[in-house]
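Student: What follows is the file entry_37.txt, containing compact mmCIF, C-alpha atoms:
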# COMPACT_ATOMS: atom_id res chain seq x y z
CA MET A 1 16.09 138.48 36.89
CA HIS A 2 13.59 141.32 36.47
CA LYS A 3 15.76 143.10 33.87
CA GLU A 4 16.03 139.88 31.85
CA LYS A 5 12.25 139.45 32.01
CA VAL A 6 11.71 143.01 30.75
CA LYS A 7 14.24 142.56 27.93
CA GLU A 8 12.44 139.39 26.86
CA LEU A 9 9.07 141.19 26.97
CA ILE A 10 10.40 144.09 24.89
CA LYS A 11 11.65 141.65 22.26
CA MET A 12 8.22 139.94 22.16
CA ALA A 13 6.45 143.32 22.09
CA LYS A 14 8.49 144.44 19.09
CA ALA A 15 7.56 141.21 17.30
CA VAL A 16 3.85 142.09 17.63
CA LYS A 17 4.52 145.73 16.63
CA ALA A 18 3.92 147.48 19.95
CA CYS A 19 4.07 151.27 19.78
CA LYS A 20 7.21 153.14 20.85
CA PRO A 21 5.57 154.84 23.87
CA GLU A 22 4.46 151.47 25.23
CA LEU A 23 7.91 149.99 24.60
CA ARG A 24 9.48 152.88 26.56
CA GLU A 25 7.03 152.36 29.40
CA LEU A 26 7.70 148.62 29.38
CA GLY A 27 11.44 149.33 29.52
CA GLY A 28 10.88 151.46 32.62
CA ALA A 29 8.93 148.78 34.51
CA LYS A 30 10.42 148.38 37.99
CA GLY A 31 8.72 145.15 38.99
CA ASP A 32 5.77 142.82 38.50
CA THR A 33 3.32 145.43 39.80
CA ASP A 34 4.29 147.69 36.90
CA LEU A 35 3.98 144.79 34.45
CA TYR A 36 0.44 143.98 35.60
CA ARG A 37 -0.53 147.66 35.42
CA LEU A 38 0.89 147.91 31.89
CA TYR A 39 -1.00 144.77 30.87
CA TRP A 40 -4.30 146.21 32.09
CA ASP A 41 -3.57 149.68 30.64
CA ASN A 42 -3.05 147.99 27.26
CA VAL A 43 -5.38 144.99 27.66
CA ILE A 44 -6.97 145.30 24.21
CA PHE A 45 -3.57 145.29 22.49
CA CYS A 46 -2.27 142.51 24.76
CA ILE A 47 -5.23 140.17 24.41
CA GLY A 48 -5.63 140.89 20.69
CA ASN A 49 -1.99 140.02 20.04
CA ASP A 50 -1.78 137.18 22.58
CA PHE A 51 0.96 139.20 24.27
CA PRO A 52 2.63 137.99 26.26
CA ASN A 53 1.47 134.48 25.49
CA TYR A 54 -0.05 132.59 28.38
CA ARG A 55 2.73 129.99 28.51
CA TRP A 56 5.26 132.78 29.10
CA MET A 57 2.96 134.33 31.70
CA LEU A 58 2.67 130.99 33.55
CA GLY A 59 6.42 130.87 34.05
CA ASN A 60 7.08 134.56 34.61
CA MET A 61 4.05 136.18 36.23
CA PRO A 62 3.33 134.13 39.35
CA ASN A 63 0.67 136.49 40.74
CA ALA A 64 -1.41 136.66 37.57
CA ALA A 65 -4.60 135.30 39.18
CA GLU A 66 -4.40 137.83 42.01
CA ASN A 67 -4.22 140.51 39.31
CA GLY A 68 -7.28 139.35 37.37
CA ILE A 69 -5.45 137.26 34.76
CA LEU A 70 -6.56 133.64 35.00
CA ILE A 71 -4.43 131.00 33.29
CA ASN A 72 -5.52 127.34 33.29
CA LYS A 73 -7.69 127.95 36.37
CA HIS A 74 -11.12 126.70 37.42
CA VAL A 75 -12.76 129.63 39.18
CA LYS A 76 -16.30 129.69 40.57
CA GLU A 77 -16.62 133.47 40.89
CA LEU A 78 -14.89 136.23 38.95
CA PRO A 79 -14.04 139.84 39.76
CA ALA A 80 -15.78 142.58 37.75
CA ALA A 81 -13.01 142.48 35.12
CA ALA A 82 -10.81 139.52 34.20
CA VAL A 83 -8.70 138.04 31.43
CA ILE A 84 -9.30 134.30 31.05
CA LEU A 85 -6.59 132.32 29.22
CA GLY A 86 -5.42 128.82 28.40
CA THR A 87 -7.88 126.15 29.44
CA SER A 88 -9.59 128.07 32.26
CA ILE A 89 -13.18 127.30 33.20
CA THR A 90 -14.93 130.17 34.94
CA ASP A 91 -18.36 130.97 36.34
CA VAL A 92 -19.80 134.36 37.12
CA SER A 93 -23.14 135.59 38.40
CA VAL A 94 -23.86 139.22 37.56
CA THR A 95 -26.95 140.73 39.17
CA GLY A 96 -28.67 144.01 39.97
CA LEU A 97 -26.96 146.99 38.37
CA ASP A 98 -23.51 145.33 38.22
CA GLN A 99 -21.33 145.85 35.15
CA CYS A 100 -18.59 143.37 34.21
CA ARG A 101 -15.98 143.10 31.46
CA TYR A 102 -14.22 139.89 30.43
CA TRP A 103 -11.70 138.81 27.82
CA VAL A 104 -11.59 135.06 27.15
CA ARG A 105 -9.04 133.39 24.89
CA HIS A 106 -7.64 130.02 23.75
CA GLN A 107 -9.72 127.03 24.90
CA SER A 108 -11.11 128.75 27.99
CA SER A 109 -14.79 129.04 28.84
CA ILE A 110 -16.91 131.46 30.80
CA ASN A 111 -20.35 130.59 32.15
CA ILE A 112 -22.39 133.73 32.78
CA GLN A 113 -25.59 134.04 34.82
CA ALA A 114 -26.96 137.54 34.20
CA SER A 115 -30.06 138.97 35.86
CA GLY A 116 -31.62 142.20 37.06
CA ARG A 117 -30.30 145.08 34.99
CA ALA A 118 -26.75 143.77 34.86
CA LEU A 119 -24.47 144.50 31.91
CA VAL A 120 -21.77 142.02 30.83
CA VAL A 121 -19.36 142.59 27.94
CA VAL A 122 -17.17 139.73 26.70
CA ASP A 123 -14.48 139.61 24.03
CA ALA A 124 -13.99 135.98 22.93
CA TYR A 125 -10.95 134.88 20.91
CA ASP A 126 -9.73 131.66 19.31
CA SER A 127 -12.00 128.75 20.25
CA ALA A 128 -13.13 130.11 23.61
CA ALA A 129 -16.65 129.25 24.79
CA VAL A 130 -19.18 131.70 26.20
CA ASN A 131 -22.29 130.24 27.85
CA VAL A 132 -24.96 132.71 28.90
CA THR A 133 -28.09 132.28 30.99
CA ILE A 134 -29.98 135.56 31.00
CA LYS A 135 -33.19 136.82 32.57
CA ASP A 136 -34.95 140.00 33.66
CA LYS A 137 -33.58 143.08 31.89
CA ALA A 138 -29.92 142.08 31.94
CA THR A 139 -27.83 142.69 28.82
CA VAL A 140 -24.86 140.69 27.49
CA LYS A 141 -22.68 141.77 24.56
CA ILE A 142 -20.26 139.26 23.10
CA PHE A 143 -17.62 140.29 20.56
CA THR A 144 -16.18 137.24 18.79
CA TYR A 145 -12.73 137.05 17.18
CA GLY A 146 -12.50 133.44 16.13
CA ASN A 147 -14.33 130.16 16.01
CA ASN A 148 -16.10 130.63 19.33
CA HIS A 149 -18.78 128.43 20.83
CA ILE A 150 -21.66 130.59 22.10
CA THR A 151 -24.72 129.22 23.90
CA ILE A 152 -27.60 131.32 25.17
CA ALA A 153 -30.43 130.30 27.48
CA GLY A 154 -33.23 132.66 28.41
CA ASP A 155 -34.17 135.91 26.69
CA LYS A 156 -31.94 135.64 23.60
CA GLU A 157 -32.99 139.10 22.41
CA ARG A 158 -31.04 140.61 25.33
CA VAL A 159 -27.78 139.04 24.11
CA SER A 160 -25.84 140.57 21.22
CA VAL A 161 -23.18 138.54 19.41
CA ILE A 162 -21.00 140.70 17.19
CA GLU A 163 -18.38 139.12 14.91
CA LYS A 164 -15.17 141.12 14.71
CA SER A 165 -11.81 140.75 13.00
CA LEU A 166 -8.40 140.96 14.63
CA ASN A 167 -7.04 142.64 11.52
CA ASN A 168 -9.14 145.77 11.43
CA GLY A 169 -11.55 145.69 14.37
CA LYS A 170 -14.57 145.63 12.06
Hey, can you dump this file as structure tokens for me?

Tutor:
Amino acid sequence: MHKEKVKELIKMAKAVKACKPELRELGGAKGDTDLYRLYWDNVIFCIGNDFPNYRWMLGNMPNAAENGILINKHVKELPAAAVILGTSITDVSVTGLDQCRYWVRHQSSINIQASGRALVVVDAYDSAAVNVTIKDKATVKIFTYGNNHITIAGDKERVSVIEKSLNNGK
């Protein structure tokens, strides 16, 4: 079963023009642990290319949530880094000197409470929603790659929203 899963992933990776070194590494994956590590090692490529798509992940990566990849989940507290896919609804409170990094895609939403001197960076794709409540000297940076819904409550000057393009990163 694992070899079939890897062959299918390689075919999908070629379709989104993955680089040869990554394809070789994917071909050498021994199990799901390697697949999750490869996903995180290449998270910007994976999330930017919707690879593998979340529907495939639902059926083939049963421990995604335990590995920081949330698919169609409602989660009240997130780890310091997470990928949020499908129709997930997530909440996170970032305080003190904490630093967090999130990628949110599809119709998912993330609700962020940031305070103290916390730093939160979010990449938002498709029609994902990012809702921020910010106070103190916290900082939130949101990079948007789609028709995102962004709401900000509190010190709006401490939140940066930067529009990007999937085509050239600018």

Student: Which one is closest to A:Lys73: A:Phe45, A:Arg101, A:Ser160, A:Ser109? Count all atoms listed in the file.

Tutor: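 Result for the nearest residue to A:Lys73: A:Ser109.
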
Student: Let me make sure I understand: among A:Ala13, A:Ala29, A:Val130, A:Ala18, which one has the smallest atom-to-atom distance to A:Arg105 if we use all atoms listed in the file?

Tutor: A:Val130

Student: Taking into account all atoms listed in the file, which residue in the set A:Val140, A:Ala124, A:Leu35, A:Ile150 is nearest to A:Lys164?

Tutor: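 Closest candidate: A:Ala124.
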
Student: Counting only C-alpha atoms, figure out which residue out of A:Met12, A:Ile134, A:Ile110, A:Ile142 gets nearest to A:Val122.

Tutor: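 Answer, going by the shortest atom-to-atom distance: A:Ile142.
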
Student: Would you kindly identify which residues have an atom no farther than 12 Å from (-23.3, 134.2, 35.9), using all atoms listed in the file and the file's own coordinates, and write them out as a PDB file with C-alpha atoms, in the coordinates of the input?

Tutor:
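Output contents, as saved in selection-v9.pdb:
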ATOM      1  CA  VAL A  75     -12.760 129.630  39.180  1.00  0.00           C
ATOM      2  CA  LYS A  76     -16.300 129.690  40.570  1.00  0.00           C
ATOM      3  CA  GLU A  77     -16.620 133.470  40.890  1.00  0.00           C
ATOM      4  CA  LEU A  78     -14.890 136.230  38.950  1.00  0.00           C
ATOM      5  CA  PRO A  79     -14.040 139.840  39.760  1.00  0.00           C
ATOM      6  CA  ALA A  80     -15.780 142.580  37.750  1.00  0.00           C
ATOM      7  CA  THR A  90     -14.930 130.170  34.940  1.00  0.00           C
ATOM      8  CA  ASP A  91     -18.360 130.970  36.340  1.00  0.00           C
ATOM      9  CA  VAL A  92     -19.800 134.360  37.120  1.00  0.00           C
ATOM     10  CA  SER A  93     -23.140 135.590  38.400  1.00  0.00           C
ATOM     11  CA  VAL A  94     -23.860 139.220  37.560  1.00  0.00           C
ATOM     12  CA  THR A  95     -26.950 140.730  39.170  1.00  0.00           C
ATOM     13  CA  GLY A  96     -28.670 144.010  39.970  1.00  0.00           C
ATOM     14  CA  ASP A  98     -23.510 145.330  38.220  1.00  0.00           C
ATOM     15  CA  GLN A  99     -21.330 145.850  35.150  1.00  0.00           C
ATOM     16  CA  CYS A 100     -18.590 143.370  34.210  1.00  0.00           C
ATOM     17  CA  ILE A 110     -16.910 131.460  30.800  1.00  0.00           C
ATOM     18  CA  ASN A 111     -20.350 130.590  32.150  1.00  0.00           C
ATOM     19  CA  ILE A 112     -22.390 133.730  32.780  1.00  0.00           C
ATOM     20  CA  GLN A 113     -25.590 134.040  34.820  1.00  0.00           C
ATOM     21  CA  ALA A 114     -26.960 137.540  34.200  1.00  0.00           C
ATOM     22  CA  SER A 115     -30.060 138.970  35.860  1.00  0.00           C
ATOM     23  CA  GLY A 116     -31.620 142.200  37.060  1.00  0.00           C
ATOM     24  CA  ALA A 118     -26.750 143.770  34.860  1.00  0.00           C
ATOM     25  CA  LEU A 119     -24.470 144.500  31.910  1.00  0.00           C
ATOM     26  CA  VAL A 120     -21.770 142.020  30.830  1.00  0.00           C
ATOM     27  CA  VAL A 130     -19.180 131.700  26.200  1.00  0.00           C
ATOM     28  CA  ASN A 131     -22.290 130.240  27.850  1.00  0.00           C
ATOM     29  CA  VAL A 132     -24.960 132.710  28.900  1.00  0.00           C
ATOM     30  CA  THR A 133     -28.090 132.280  30.990  1.00  0.00           C
ATOM     31  CA  ILE A 134     -29.980 135.560  31.000  1.00  0.00           C
ATOM     32  CA  LYS A 135     -33.190 136.820  32.570  1.00  0.00           C
ATOM     33  CA  ALA A 138     -29.920 142.080  31.940  1.00  0.00           C
ATOM     34  CA  THR A 139     -27.830 142.690  28.820  1.00  0.00           C
ATOM     35  CA  VAL A 140     -24.860 140.690  27.490  1.00  0.00           C
ATOM     36  CA  ILE A 152     -27.600 131.320  25.170  1.00  0.00           C
ATOM     37  CA  ALA A 153     -30.430 130.300  27.480  1.00  0.00           C
TER      38      ALA A 153
END

Student: Select, counting all atoms listed in the file, all protein, DNA and RNA residues no farther than 10 Å from (-4.3, 138.6, 36.5) in file coordinates, and express the selection as a PyMOL selection string.

Tutor: chain A and resi 36-37+39-40+57+61-71+81-85

Student: For atom CA of A:Gly27 and atom CA of A:Lys3, determine how far apart the two atoms are, in Å to one decimal place.

Tutor: 8.7 Å

Student: So what do you get for atom CA of A:Lys14 versus atom CA of A:Gly31, distance-wise?

Tutor: 19.9 Å

Student: For A:Gly146, find every residue with an atom within 12 Å (counting only C-alpha atoms), except residues of its own chain fewer than 5 positions away, and show them as a PyMOL selection string.

Tutor: chain A and resi 48+104-107+123-129+162-167

Student: How many Å separate atom CA of A:Lys141 from atom CA of A:Val159?

Tutor: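 Distance reported for this atom pair: 5.8 Å.
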
Student: Give the centre and edge lengths of an axis-aligned box, in Å to one decimal, that holds all listed atoms of stretch 95-100 of chain A with 8 Å on each side, as lines of an AutoDock Vina configuration file.

Tutor:
center_x = -23.6
center_y = 143.9
center_z = 37.1
size_x = 26.1
size_y = 22.3
size_z = 21.8

Student: Of the residues A:His2, A:Arg158, A:Tyr102, A:Val16, which is the one nearest to A:Pro52, using all atoms listed in the file?

Tutor: A:Val16

Student: Which residue gives the smallest distance to A:Lys156 among A:Lys137, A:His74, A:Trp56, A:Ser108, with only C-alpha atoms counted?

Tutor: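 Using only C-alpha atoms, A:Lys156 sits closest to A:Lys137.
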
Student: Could you please fill out stretch 129-164 of chain A with N, CA and C atoms and send it back as an mmCIF file, in the coordinates of the input?

Tutor:
data_model
loop_
_atom_site.group_PDB
_atom_site.id
_atom_site.type_symbol
_atom_site.label_atom_id
_atom_site.label_comp_id
_atom_site.auth_asym_id
_atom_site.auth_seq_id
_atom_site.Cartn_x
_atom_site.Cartn_y
_atom_site.Cartn_z
ATOM 1 N N ALA A 129 -15.202 129.467 24.689
ATOM 2 C CA ALA A 129 -16.650 129.250 24.790
ATOM 3 C C ALA A 129 -17.263 130.273 25.744
ATOM 4 N N VAL A 130 -18.425 130.780 25.357
ATOM 5 C CA VAL A 130 -19.180 131.700 26.200
ATOM 6 C C VAL A 130 -20.587 131.129 26.336
ATOM 7 N N ASN A 131 -20.971 130.808 27.562
ATOM 8 C CA ASN A 131 -22.290 130.240 27.850
ATOM 9 C C ASN A 131 -23.051 131.234 28.716
ATOM 10 N N VAL A 132 -24.204 131.666 28.226
ATOM 11 C CA VAL A 132 -24.960 132.710 28.900
ATOM 12 C C VAL A 132 -26.338 132.191 29.287
ATOM 13 N N THR A 133 -26.708 132.446 30.536
ATOM 14 C CA THR A 133 -28.090 132.280 30.990
ATOM 15 C C THR A 133 -28.533 133.664 31.429
ATOM 16 N N ILE A 134 -29.576 134.173 30.783
ATOM 17 C CA ILE A 134 -29.980 135.560 31.000
ATOM 18 C C ILE A 134 -31.460 135.646 31.349
ATOM 19 N N LYS A 135 -31.788 136.571 32.242
ATOM 20 C CA LYS A 135 -33.190 136.820 32.570
ATOM 21 C C LYS A 135 -33.355 138.269 33.009
ATOM 22 N N ASP A 136 -34.589 138.634 33.275
ATOM 23 C CA ASP A 136 -34.950 140.000 33.660
ATOM 24 C C ASP A 136 -34.556 140.963 32.538
ATOM 25 N N LYS A 137 -33.965 142.078 32.891
ATOM 26 C CA LYS A 137 -33.580 143.080 31.890
ATOM 27 C C LYS A 137 -32.068 143.169 31.739
ATOM 28 N N ALA A 138 -31.373 142.107 32.097
ATOM 29 C CA ALA A 138 -29.920 142.080 31.940
ATOM 30 C C ALA A 138 -29.558 142.142 30.452
ATOM 31 N N THR A 139 -28.333 142.581 30.185
ATOM 32 C CA THR A 139 -27.830 142.690 28.820
ATOM 33 C C THR A 139 -26.439 142.059 28.765
ATOM 34 N N VAL A 140 -26.193 141.264 27.724
ATOM 35 C CA VAL A 140 -24.860 140.690 27.490
ATOM 36 C C VAL A 140 -24.469 140.997 26.060
ATOM 37 N N LYS A 141 -23.251 141.519 25.888
ATOM 38 C CA LYS A 141 -22.680 141.770 24.560
ATOM 39 C C LYS A 141 -21.433 140.917 24.433
ATOM 40 N N ILE A 142 -21.384 140.144 23.341
ATOM 41 C CA ILE A 142 -20.260 139.260 23.100
ATOM 42 C C ILE A 142 -19.631 139.628 21.755
ATOM 43 N N PHE A 143 -18.362 140.003 21.783
ATOM 44 C CA PHE A 143 -17.620 140.290 20.560
ATOM 45 C C PHE A 143 -16.748 139.057 20.287
ATOM 46 N N THR A 144 -16.912 138.460 19.113
ATOM 47 C CA THR A 144 -16.180 137.240 18.790
ATOM 48 C C THR A 144 -15.069 137.525 17.786
ATOM 49 N N TYR A 145 -13.913 136.919 18.036
ATOM 50 C CA TYR A 145 -12.730 137.050 17.180
ATOM 51 C C TYR A 145 -12.180 135.664 16.881
ATOM 52 N N GLY A 146 -12.991 134.788 16.404
ATOM 53 C CA GLY A 146 -12.500 133.440 16.130
ATOM 54 C C GLY A 146 -13.650 132.480 15.953
ATOM 55 N N ASN A 147 -13.353 131.223 16.165
ATOM 56 C CA ASN A 147 -14.330 130.160 16.010
ATOM 57 C C ASN A 147 -14.897 129.817 17.385
ATOM 58 N N ASN A 148 -15.603 130.765 17.968
ATOM 59 C CA ASN A 148 -16.100 130.630 19.330
ATOM 60 C C ASN A 148 -17.358 129.788 19.401
ATOM 61 N N HIS A 149 -17.564 129.196 20.561
ATOM 62 C CA HIS A 149 -18.780 128.430 20.830
ATOM 63 C C HIS A 149 -19.627 129.269 21.784
ATOM 64 N N ILE A 150 -20.780 129.737 21.307
ATOM 65 C CA ILE A 150 -21.660 130.590 22.100
ATOM 66 C C ILE A 150 -22.972 129.850 22.330
ATOM 67 N N THR A 151 -23.400 129.760 23.597
ATOM 68 C CA THR A 151 -24.720 129.220 23.900
ATOM 69 C C THR A 151 -25.478 130.240 24.745
ATOM 70 N N ILE A 152 -26.771 130.337 24.476
ATOM 71 C CA ILE A 152 -27.600 131.320 25.170
ATOM 72 C C ILE A 152 -28.879 130.632 25.637
ATOM 73 N N ALA A 153 -29.176 130.785 26.912
ATOM 74 C CA ALA A 153 -30.430 130.300 27.480
ATOM 75 C C ALA A 153 -31.162 131.492 28.079
ATOM 76 N N GLY A 154 -32.454 131.543 27.889
ATOM 77 C CA GLY A 154 -33.230 132.660 28.410
ATOM 78 C C GLY A 154 -33.600 133.617 27.290
ATOM 79 N N ASP A 155 -33.730 134.885 27.628
ATOM 80 C CA ASP A 155 -34.170 135.910 26.690
ATOM 81 C C ASP A 155 -33.052 136.246 25.694
ATOM 82 N N LYS A 156 -33.008 135.501 24.594
ATOM 83 C CA LYS A 156 -31.940 135.640 23.600
ATOM 84 C C LYS A 156 -31.872 137.037 22.978
ATOM 85 N N GLU A 157 -32.979 137.749 22.987
ATOM 86 C CA GLU A 157 -32.990 139.100 22.410
ATOM 87 C C GLU A 157 -32.160 140.074 23.234
ATOM 88 N N ARG A 158 -31.816 139.724 24.456
ATOM 89 C CA ARG A 158 -31.040 140.610 25.330
ATOM 90 C C ARG A 158 -29.538 140.303 25.241
ATOM 91 N N VAL A 159 -29.182 139.390 24.324
ATOM 92 C CA VAL A 159 -27.780 139.040 24.110
ATOM 93 C C VAL A 159 -27.403 139.410 22.683
ATOM 94 N N SER A 160 -26.353 140.203 22.543
ATOM 95 C CA SER A 160 -25.840 140.570 21.220
ATOM 96 C C SER A 160 -24.530 139.835 20.977
ATOM 97 N N VAL A 161 -24.430 139.192 19.819
ATOM 98 C CA VAL A 161 -23.180 138.540 19.410
ATOM 99 C C VAL A 161 -22.704 139.265 18.167
ATOM 100 N N ILE A 162 -21.540 139.881 18.276
ATOM 101 C CA ILE A 162 -21.000 140.700 17.190
ATOM 102 C C ILE A 162 -19.674 140.092 16.719
ATOM 103 N N GLU A 163 -19.606 139.673 15.456
ATOM 104 C CA GLU A 163 -18.380 139.120 14.910
ATOM 105 C C GLU A 163 -17.430 140.246 14.533
ATOM 106 N N LYS A 164 -16.180 140.115 14.980
ATOM 107 C CA LYS A 164 -15.170 141.120 14.710
ATOM 108 C C LYS A 164 -13.968 140.447 14.044
#
